[in-house]
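One structure is given below, encoded as C-alpha cells.
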Amino acid sequence: MGKIVAYLGAATSACLALDIKSDAGTYLEIGAHRGRSMMFFADNLITKVKKLHLIGYDVFDLETNNFHLQEDNGMLGGDFNECFNTLTQLATSNPNISFDLVKGYTKDTLKSTKVDWAYIDGGHSYETVKWDHEQLKDSRVIVFDDADLPGVNRYLWEIKNQYNIYSLCVAAKSSDHRQAIIINDMDNFKFDDVSLEKFQGHNPKKYISSRKV
C-alpha cells in the first residue's frame, strides 16, 4: 500500500479540497485494475460524505498485452475478480460505501455523466483519453494520471486554455506519476488546502516522453 500512497497522495489531497456540500458523493475511476487505488480514495473520501458510491471501469482481461502496449498501459490488464473482492470487502466493512464495476471498453460502456470526483487512468492513447474526458467533462473535479505520457499530454495541451487545468505538485523523480487536475467547481474548491501549479504541458510536436508508465 506504500507505493499506492506515494503516487496517489497529491491526487487524494486535491479531491479532499473539494467541498461537495452534500451528504452523498460519487467517485468514478477509469482503470480500476485490481481495486487498490479505488479503495485508497474511498478510505479518504468517505470522510467528506455520509455515503459514498464508487464506479470503476476497466477492460480487465478482455485484451492482449499488445493492446496495452499500444495504449501505454504499463500495468497491463486488471483482474475483475480481485477488484470485485477488494471492493466487496471494503463495502462490507463500511455499509456507507457502495460500488459498481463495469467491464469493457469505455468507448462502449462510458456514457456522458457527471460525478463529484473522477480519476482517469485507463488507456493512455490520445483517442482514449479524449473520449474518457469528453464523457466526464462536467464532473466537479477530474484527475488525469500519467499526464506526461504522449497521448495524455497531447490531449491536455489541446484543451489547456478551455479548462482550469493544474499540475499536481509532487517531487520531481522519475518514479513519480505526473498528474493533472481539471477543476470545474471553482467556487467550492479550497485552493489553500493543496499545492497546485498552472498546467503547462509540452508541445506535442516536439515532445518525446523519457519514461514508461
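Identifiers for the C-alpha cells are assigned positionally: chains receive A, B, ... in sequence, residues are indexed from 1 per chain, and ligands are indexed from 1 in the order shown.
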
Proximity check region 80-159 of chain A to region 7-16 of chain A, 8 Å, nearest pairs one decimal Å, only C-alpha atoms, as a tab-separated table:
```
residue	atom	partner	partner_atom	distance
A:Trp117	CA	A:Cys15	CA	6.7
A:Val141	CA	A:Cys15	CA	7.0
A:Val143	CA	A:Ala11	CA	6.9
```

Using C-alpha atoms, can you write the selected residues to a file as a short mmCIF file (atom, residue, chain, number, x, y, z; two decimals), in the first residue's frame?
```cif
data_model
loop_
_atom_site.label_atom_id
_atom_site.label_comp_id
_atom_site.auth_asym_id
_atom_site.auth_seq_id
_atom_site.Cartn_x
_atom_site.Cartn_y
_atom_site.Cartn_z
CA TRP A 117 -14.67 13.09 -8.34
CA VAL A 141 -13.02 17.51 -10.23
CA VAL A 143 -7.71 13.95 -12.21
#
```

task = Would you mind listing what lies within 10 Å of Thr113 (chain A) as a list in words, with only C-alpha atoms counted and same-chain residues fewer than 6 positions away left out?
result = Leu28, Glu134, Gln135, Leu136, Lys137, Asp138 and Ser139 of chain A

Show me, as an mmCIF file with N, CA and C atoms, in the first residue's frame, the residues that have an atom within 12 Å of Asn203 (chain A) when counting only C-alpha atoms, minus same-chain residues fewer than 6 positions from it.
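And here is the file that came out, part06.cif:
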```cif
data_model
loop_
_atom_site.group_PDB
_atom_site.id
_atom_site.type_symbol
_atom_site.label_atom_id
_atom_site.label_comp_id
_atom_site.auth_asym_id
_atom_site.auth_seq_id
_atom_site.Cartn_x
_atom_site.Cartn_y
_atom_site.Cartn_z
ATOM 1 N N ASP A 148 2.192 13.169 -18.342
ATOM 2 C CA ASP A 148 3.348 13.431 -19.206
ATOM 3 C C ASP A 148 3.580 12.329 -20.241
ATOM 4 N N PRO A 150 2.778 10.706 -23.852
ATOM 5 C CA PRO A 150 2.490 11.451 -25.095
ATOM 6 C C PRO A 150 1.013 11.655 -25.389
ATOM 7 N N GLY A 151 0.204 10.589 -25.294
ATOM 8 C CA GLY A 151 -1.205 10.717 -25.630
ATOM 9 C C GLY A 151 -1.959 11.613 -24.672
ATOM 10 N N VAL A 152 -1.683 11.465 -23.366
ATOM 11 C CA VAL A 152 -2.358 12.283 -22.355
ATOM 12 C C VAL A 152 -1.900 13.733 -22.480
ATOM 13 N N ASN A 153 -0.592 13.933 -22.598
ATOM 14 C CA ASN A 153 -0.056 15.289 -22.739
ATOM 15 C C ASN A 153 -0.628 16.005 -23.958
ATOM 16 N N ARG A 154 -0.716 15.297 -25.077
ATOM 17 C CA ARG A 154 -1.238 15.916 -26.296
ATOM 18 C C ARG A 154 -2.667 16.399 -26.096
ATOM 19 N N TYR A 155 -3.494 15.567 -25.467
ATOM 20 C CA TYR A 155 -4.880 15.971 -25.266
ATOM 21 C C TYR A 155 -4.975 17.158 -24.308
ATOM 22 N N LEU A 156 -4.253 17.097 -23.189
ATOM 23 C CA LEU A 156 -4.310 18.193 -22.220
ATOM 24 C C LEU A 156 -3.748 19.481 -22.817
ATOM 25 N N TRP A 157 -2.742 19.359 -23.659
ATOM 26 C CA TRP A 157 -2.171 20.524 -24.330
ATOM 27 C C TRP A 157 -3.234 21.207 -25.207
ATOM 28 N N GLU A 158 -4.026 20.403 -25.869
ATOM 29 C CA GLU A 158 -5.046 20.953 -26.760
ATOM 30 C C GLU A 158 -6.164 21.678 -26.014
ATOM 31 N N LYS A 160 -5.918 22.972 -22.759
ATOM 32 C CA LYS A 160 -5.457 23.659 -21.547
ATOM 33 C C LYS A 160 -5.974 25.091 -21.430
ATOM 34 N N SER A 209 8.412 11.609 -24.588
ATOM 35 C CA SER A 209 8.453 11.217 -23.185
ATOM 36 C C SER A 209 9.704 10.399 -22.887
#
```

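By chain and then residue number, the residues within 6 Å of Phe189 (chain A) are Ala17, Leu18 and Met186 of chain A, counting only C-alpha atoms and disregarding those fewer than 3 positions away in sequence.
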
With C-alpha atoms retained, could you export that selection as a tab-separated table (two decimals), in the first residue's frame?
```
chain	number	residue	atom	x	y	z
A	17	ALA	CA	-10.05	20.04	-1.22
A	18	LEU	CA	-13.46	19.94	-2.90
A	186	MET	CA	-14.06	26.53	-8.59
```

request  = Taking the DSSP assignment computed from this structure's backbone, write out as number ranges by chain all residues of chain A that belong to helix (DSSP H, G or I).
outcome  = A: 2-16, 36-45, 65-70, 80-93, 106-109, 126-136, 150-159, 186-188, 191-193

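Using only C-alpha atoms, the residues found no farther than 10 Å from Thr106 (chain A), other than those of its own chain fewer than 6 positions away, are A:Ile30, A:Gly31, A:Tyr57, A:Asp58, A:Val59, A:Gly122, A:Gly123, A:Thr128, A:Val129, A:Trp131, A:Asp132, A:Gln135.
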
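Between CA of Val194 (chain A) and CA of Arg34 (chain A) lies a distance of 27.5 Å.
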
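We find CA of His53 (chain A) and CA of Tyr27 (chain A) to be spaced 6.3 Å apart.
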
Region 21-201 of chain A: residues DSSP assigns to strand (DSSP E), reported as a ChimeraX atom specification = /A:24-30,51-58,97-103,117-120,141-144,165-168,180-183,196-198

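Every protein, DNA or RNA residue with an atom at most 10 Å from Ile181 (chain A), where only C-alpha atoms count and chain neighbours fewer than 3 positions away do not, is listed here: Ala11, Ala14, Cys15, Ala118, Tyr119, Ile120, Val141, Ile142, Val143, Phe144, Asp145, Ala147, Leu156, Tyr163, Asn164, Ile165, Tyr166, Ser167, Leu168, Asn184, Leu196, Glu197, Lys198 and Phe199 of chain A.
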
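Here CA of Lys50 (chain A) is placed at a distance of 20.2 Å from CA of Ser37 (chain A).
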
Find the residues near Ile46 (chain A): any atom within 9 Å, counting only C-alpha atoms, skip ones fewer than 4 places away on the same chain, and give them as a CSV table (one decimal) with C-alpha atoms, in the first residue's frame.
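Output (result36.csv):
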```csv
chain,number,residue,atom,x,y,z
A,25,GLY,CA,-20.8,11.7,-3.2
A,41,PHE,CA,-9.6,7.0,-2.5
A,42,ALA,CA,-12.7,5.6,-0.8
A,50,LYS,CA,-22.1,10.2,4.8
A,51,LYS,CA,-22.5,7.9,1.8
A,52,LEU,CA,-20.0,7.3,-1.0
A,96,ASN,CA,-21.9,3.6,3.8
A,97,ILE,CA,-19.8,2.7,0.8
```
